[in-house]
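Data first, discussion second: the structure below is written as structure tokens.
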Amino acid sequence: MKNNIYYFEVGKKTKVSVPQDKIGIRGRQAFEMGDLGMPIVPGLILDSDLAISFSEKELLPELKKNIASLEAKTEKKYADAKRPLLVKIVISPGLQLSYPSIHNIGLTKESLPGFSQFTGDKFAYGELHFLLDGLLKLEKKIAEAKDDQKTVDAISSKISEVFASEKKLKEKKDATGFTVESIVHLAHPFIPAEIFDDGYHQLLFTLTRIQELLRIEATSDGVVGSNDTAVIIQPMVYGNFGKNSSSGRFFTRNVLTGEKTLDGVFYQAQFNEEGAQGVDINKLEKSHLQALQLVAENLESYYKQIRELRFTIEDGKLWVIDQRMVSEKSTRADIRLLLDLLKAKKVDEKFVVNEIKPSRLNELLHPVIEPASVKTLQKIPGGISGAPGAAIGRVYFSTEALIAAYRQAQKDGTDTRVIFCKEATFADDVKAVELSTGVLSSHGGYSAHASVVARQYGKVSLVLDEKQIKYQAKKAVIGGIVVNEGDYLSVNVPFYGEPSIYVGKANTVQADVTTSGLKELVDIAKKSLVNFSVRANADTQEGAELALALGAEGIGLCRTEHMFFNEKRINVFREMIMAKDKAERLKILEKLKKFQKDDFYKLLKIMAGKTVIIRLLDPPLHEFLPHNEQDGKKFLEYLNPPTKKETTAKGPTLKDVMAKAEALHEFNPMLGHRGSRLAVTYPEIYAMQVEAIVEASYQLKKEGIDVKPEIMLPVIMNENELKLLIYGKKIEGNSFKGLVEVIEETTSRQNAEAKLEFKIGTMIEIPAAALGAGSLAKYAQFFSFGTNDLTQTTLGLSRDDFNSFMPDYTQLDVLDGNPFRDLDPQVKELIQIAVRRGSLTRPDLEMGLCGEHGAVPENIAFCRRAGLNYVSCSPFSVPIAILAAAQDYLSNS
């Protein structure tokens, strides 16, 4: 029998000789803690063979011998009348099953007075209630195993009586009126009163009842089978066992910041935190604090995790009660831990990279709402996450109203935070998105215009169900609550969990990427990438700087159309559209070229030495024109300002402007007169943009700055279209100037000593382009897969309308997930075809994917295997993509 009893204590390295399959989970943890040098409370384990087969007569001598060792370690005597040692019994199964633990065994008529001398009568009688509660729950478990519902109900009633009695005790000032006999009687007839006359009788009774339970559970067809459940006997220690005692709990480091400082509290002369005021753990007596700091360091080194510990100081002696993994910790804290472990050479860089899920980095990149600040606010749950984070501000329902409110707040020195709320956003709403803290919309979803632009500018985006919101001029009814223009809203879009809107002003905790360890993590992850990089979608100075700071290796998509929506430029661009002939159009394009050159200069300078892919104008022209008469009037005010002297020339009227917008409007603009098709009709637009790119590049070259500009043509459908735009054409006496000629002519005017290379490539965003990639590669020097549009054109789904019926398709398994987040198999096949055919034509063809598909780890893994050289995503998604790519590489290298 003695070979089936295992003794554990601090530093007792017996783990190797202990059969791990016979001591259960809790037993293994006990030995593990001892091996780590933690000052654990010693104990003994009856292994799974003994727990189910012992006889009381044979077990008692072994118990007494082992308990004598426990008495020596704790300086107490089991069930003693003066300084009693009490124990707990913990059932230790082989699997994570729930069993009741029984505490305070050894509390008898004789020992209770001695125990109360140290803890007080009220606490002592409370612990007697706790002992009875544990014994009754054990009996209930046995009855449940026997399917004896009548007994289960009767015991449940007794448990309620014990609870009511304990509650009554807590409400009293002292224990007057309570006796051992009166309390024990509450458990009659299920717990025999005589076990409270002798400590070993009580201990053996409890063990035999546990044996009964284990035998029932191991019995099949009347035969007792194998058992994997052990039993642990361990002394109880109390943080209120005299003045020089305390209890507490702490994390091995700060769970929010990751600072390597114990994070927790202790309770002086208290058994636990109930009704007690905690004191900062770092104010603990020096020798105990140093001991716990060493324990914390050992635990982190062993588990490679932040851990939580409970401890007790009993009469000046420190004991660690238990420790566990921590779920309620920040990503920042985990990263700081990993970096500290790396510095201490406890882990390698591969471990650091693999330990953090890429999606968790969202927590470091966006603000979060402070929970306490929204307890009293009305909550409107639901919606689809367009871009995660927390946004607070006054809500406005039009671009004009938002901009006016923002400017007035700036002028008055008041809160400038605003939230833009509109059914769907368009190109001329970009300024409102840029100024806002967040965007609410109800058309589309993750890939809708509002969400895409919000992610690009680092704003929060929430797409509500159309049934959730009704727009009414300068107010909206959201979730049945009326919200007026100018009211405060707090939008919470967590990466995990359900989004929600709070009516009112909440507090936020701002993200800080400079001290979070994110940069160090990204730098380590980038070391793992071979022949693959992550670029950013950026078209502003701020976006490019942010992308670079977050680890981007260049710009994979600069959407030049966004540059024209600046309030100082939009009317110039509209004027160009309204030009009566090419000569007038060229004159206005010269004004736009100055803006474009300045934009490209800034982007290329920020990304010095890194590739910047500039996509020439993509949207159809009607998106730039006024959408209503109010906008039209403002455009006319620009054309004819009050200070402008009258001239004989007559400009367009409001009717002309709205007629032009109507004439250019298309029924299906996504497949209409946009992108390269515009350039076929108006080649001077692309010529202006390319001249600006060339001039900005040579200006930087003269300043000694290395630049790598690449020019990308959107919406190409076949090689004839691409060849025309790149190389031009002469036909029937007319000539169409290609971009190569524009580059050469502009270069010749720069007086440069050496020529720069300007690669020209194309987006692959329609199936015809993917299938014809072999032909396109004759002219394109690189491909960029625009998977948002490629998904739309392949599946025939509108990304702005899909969400209205997506739930039905998901529920009925028509589609596996959202194809605008997870690349569809057919879209993947088209990419693979294009890669294969394009590479056969041009072996050095550079290929990448741009768009938010490129921030999803599963898509990144596909891109690497398909042979792409990079992915490009919004600046805030860059670290996520880098980490995902590095993890994929490491798992397959």
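To be explicit about the labels: the chains of the structure tokens are called A, B, and onward in the order shown, and within each one the residues are counted from 1, while ligands get numbers from 1 in the order they are shown.
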Quick one: everything within 10 Å of A:Lys146, counting only C-alpha atoms, minus sequence neighbours fewer than 5 positions away in the same chain. Send it as a list of chain:residue names.
->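 So the residues in contact are A:Lys140, A:Lys141, A:Thr151, A:Val152, A:Leu213, A:Ile216, A:Glu217.
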From the set A:Gly444, A:Ile91, A:Ile210, A:Ser98, which residue has the shortest atom-to-atom contact distance to A:Ile142, counting only C-alpha atoms?
->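 So, comparing all the options, the nearest one is A:Ile210.
Minimum atom-to-atom distances from A:Ser160, A:Gln689, A:Asn362, A:Ser301 to A:Asp512 were compared using only C-alpha atoms, and the lowest value belongs to A:Asn362.
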Extract, using only C-alpha atoms, all DNA, RNA and protein residues at most 7 Å from A:Tyr238, discarding same-chain residues fewer than 5 positions from it, and format them as a ChimeraX atom specification.
-> /A:271,312,314
Generate a file of the selected residues that holds all heavy atoms, formatted as a PDB file, in the first residue's frame.
ATOM      1  N   PHE A 271      -8.690  35.573   5.724  1.00  0.00           N
ATOM      2  CA  PHE A 271      -8.634  34.278   5.057  1.00  0.00           C
ATOM      3  C   PHE A 271      -8.706  34.438   3.540  1.00  0.00           C
ATOM      4  O   PHE A 271      -8.036  33.751   2.780  1.00  0.00           O
ATOM      5  CB  PHE A 271      -9.777  33.392   5.553  1.00  0.00           C
ATOM      6  CG  PHE A 271      -9.834  32.044   4.877  1.00  0.00           C
ATOM      7  CD1 PHE A 271      -8.800  31.127   5.032  1.00  0.00           C
ATOM      8  CD2 PHE A 271     -10.911  31.694   4.064  1.00  0.00           C
ATOM      9  CE1 PHE A 271      -8.850  29.889   4.411  1.00  0.00           C
ATOM     10  CE2 PHE A 271     -10.953  30.463   3.445  1.00  0.00           C
ATOM     11  CZ  PHE A 271      -9.927  29.555   3.607  1.00  0.00           C
ATOM     12  N   THR A 312      -0.894  32.149   0.823  1.00  0.00           N
ATOM     13  CA  THR A 312      -1.281  32.402   2.213  1.00  0.00           C
ATOM     14  C   THR A 312      -0.013  32.513   3.045  1.00  0.00           C
ATOM     15  O   THR A 312       0.930  31.742   2.872  1.00  0.00           O
ATOM     16  CB  THR A 312      -2.160  31.263   2.758  1.00  0.00           C
ATOM     17  OG1 THR A 312      -3.408  31.255   2.054  1.00  0.00           O
ATOM     18  CG2 THR A 312      -2.427  31.438   4.246  1.00  0.00           C
ATOM     19  N   GLU A 314       0.758  32.108   6.796  1.00  0.00           N
ATOM     20  CA  GLU A 314       0.161  31.661   8.049  1.00  0.00           C
ATOM     21  C   GLU A 314       1.201  31.744   9.162  1.00  0.00           C
ATOM     22  O   GLU A 314       2.235  31.061   9.110  1.00  0.00           O
ATOM     23  CB  GLU A 314      -0.360  30.223   7.930  1.00  0.00           C
ATOM     24  CG  GLU A 314      -1.091  29.749   9.189  1.00  0.00           C
ATOM     25  CD  GLU A 314      -1.541  28.294   9.101  1.00  0.00           C
ATOM     26  OE1 GLU A 314      -0.661  27.417   9.215  1.00  0.00           O
ATOM     27  OE2 GLU A 314      -2.732  28.063   8.903  1.00  0.00           O
TER      28      GLU A 314
END
DSSP strand (DSSP E) residues within stretch 43-213 of chain A, listed as JSON, numbers by chain | {"A": [43, 44, 45, 46, 77, 78, 84, 85, 87, 88, 89, 90, 91, 92, 102, 103, 104, 105]}
Stretch 797-814 of chain A: which residues within 8 Å, counting only C-alpha atoms, same-chain residues fewer than 6 positions away excluded, as a VMD selection string?
-> chain A and resid 443 to 445 447 to 449 465 788 791 820
Residue subset to file, keeping C-alpha atoms, as a compact mmCIF listing (two decimals), in the first residue's frame:
# COMPACT_ATOMS: atom_id res chain seq x y z
CA HIS A 443 -25.46 49.33 -46.82
CA GLY A 444 -22.94 46.61 -47.59
CA GLY A 445 -20.67 45.06 -45.00
CA SER A 447 -16.09 45.22 -47.99
CA ALA A 448 -18.45 48.17 -48.47
CA HIS A 449 -17.01 51.56 -49.43
CA ASP A 465 -28.65 45.93 -40.48
CA ASN A 788 -12.57 42.68 -53.99
CA THR A 791 -14.66 38.24 -56.18
CA PHE A 820 -15.22 39.23 -49.27
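Near A:Gly438, within 7 Å and counting only C-alpha atoms, sit Ala391, Ile419, Phe420, Ser436, Leu440, Lys459, Val460 and Ser461 of chain A, not including residues fewer than 2 positions from it in the same chain.
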Between atom CA of A:Glu757 and atom CA of A:Tyr870, what is the distance, to one decimal in Å?
->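 Computed distance, atom CA of A:Glu757 to atom CA of A:Tyr870, equals 20.3 Å.
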Given only C-alpha atoms as the counted atoms, nearest of A:Leu823, A:Ile613, A:Leu95, A:Ala536 to A:Asn227 =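 Looking at the shortest contact to A:Asn227, the residue is A:Leu95.
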Compile the contact shell of A:Leu46 as number ranges by chain: residues with an atom at most 8 Å away, counting only C-alpha atoms, same-chain residues fewer than 2 positions apart removed.
-> A: 4-6, 23, 44, 48-51, 230-232
If you count only C-alpha atoms, which residues fall within 10 Å of stretch 341-348 of chain A, apart from same-chain ones fewer than 4 positions away, as a PyMOL selection string?
-> chain A and resi 297+300-302+304-305+335-337+352-353
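Minimum distance to A:Leu616 across A:Leu548, A:Cys863, A:Met712, A:Leu135 (counting only C-alpha atoms) occurs at A:Met712.
Taking atom CA of A:Leu700 as the reference point, atom CA of A:Val612 is found at 13.6 Å.
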Top pick for closest residue to A:Ser451, considering A:Gly264, A:Pro100, A:Gly11, A:Pro388 and counting only C-alpha atoms = A:Pro388
Which parts of stretch 309-361 of chain A does DSSP call helix (DSSP H, G or I) when run on the backbone here, written out as a PyMOL selection string?
-> chain A and resi 331-343+349-355+358-361
For A:Ile102, which of A:Lys470, A:Arg209, A:Thr176, A:Ala164 is the closest residue, counting only C-alpha atoms?
-> A:Arg209
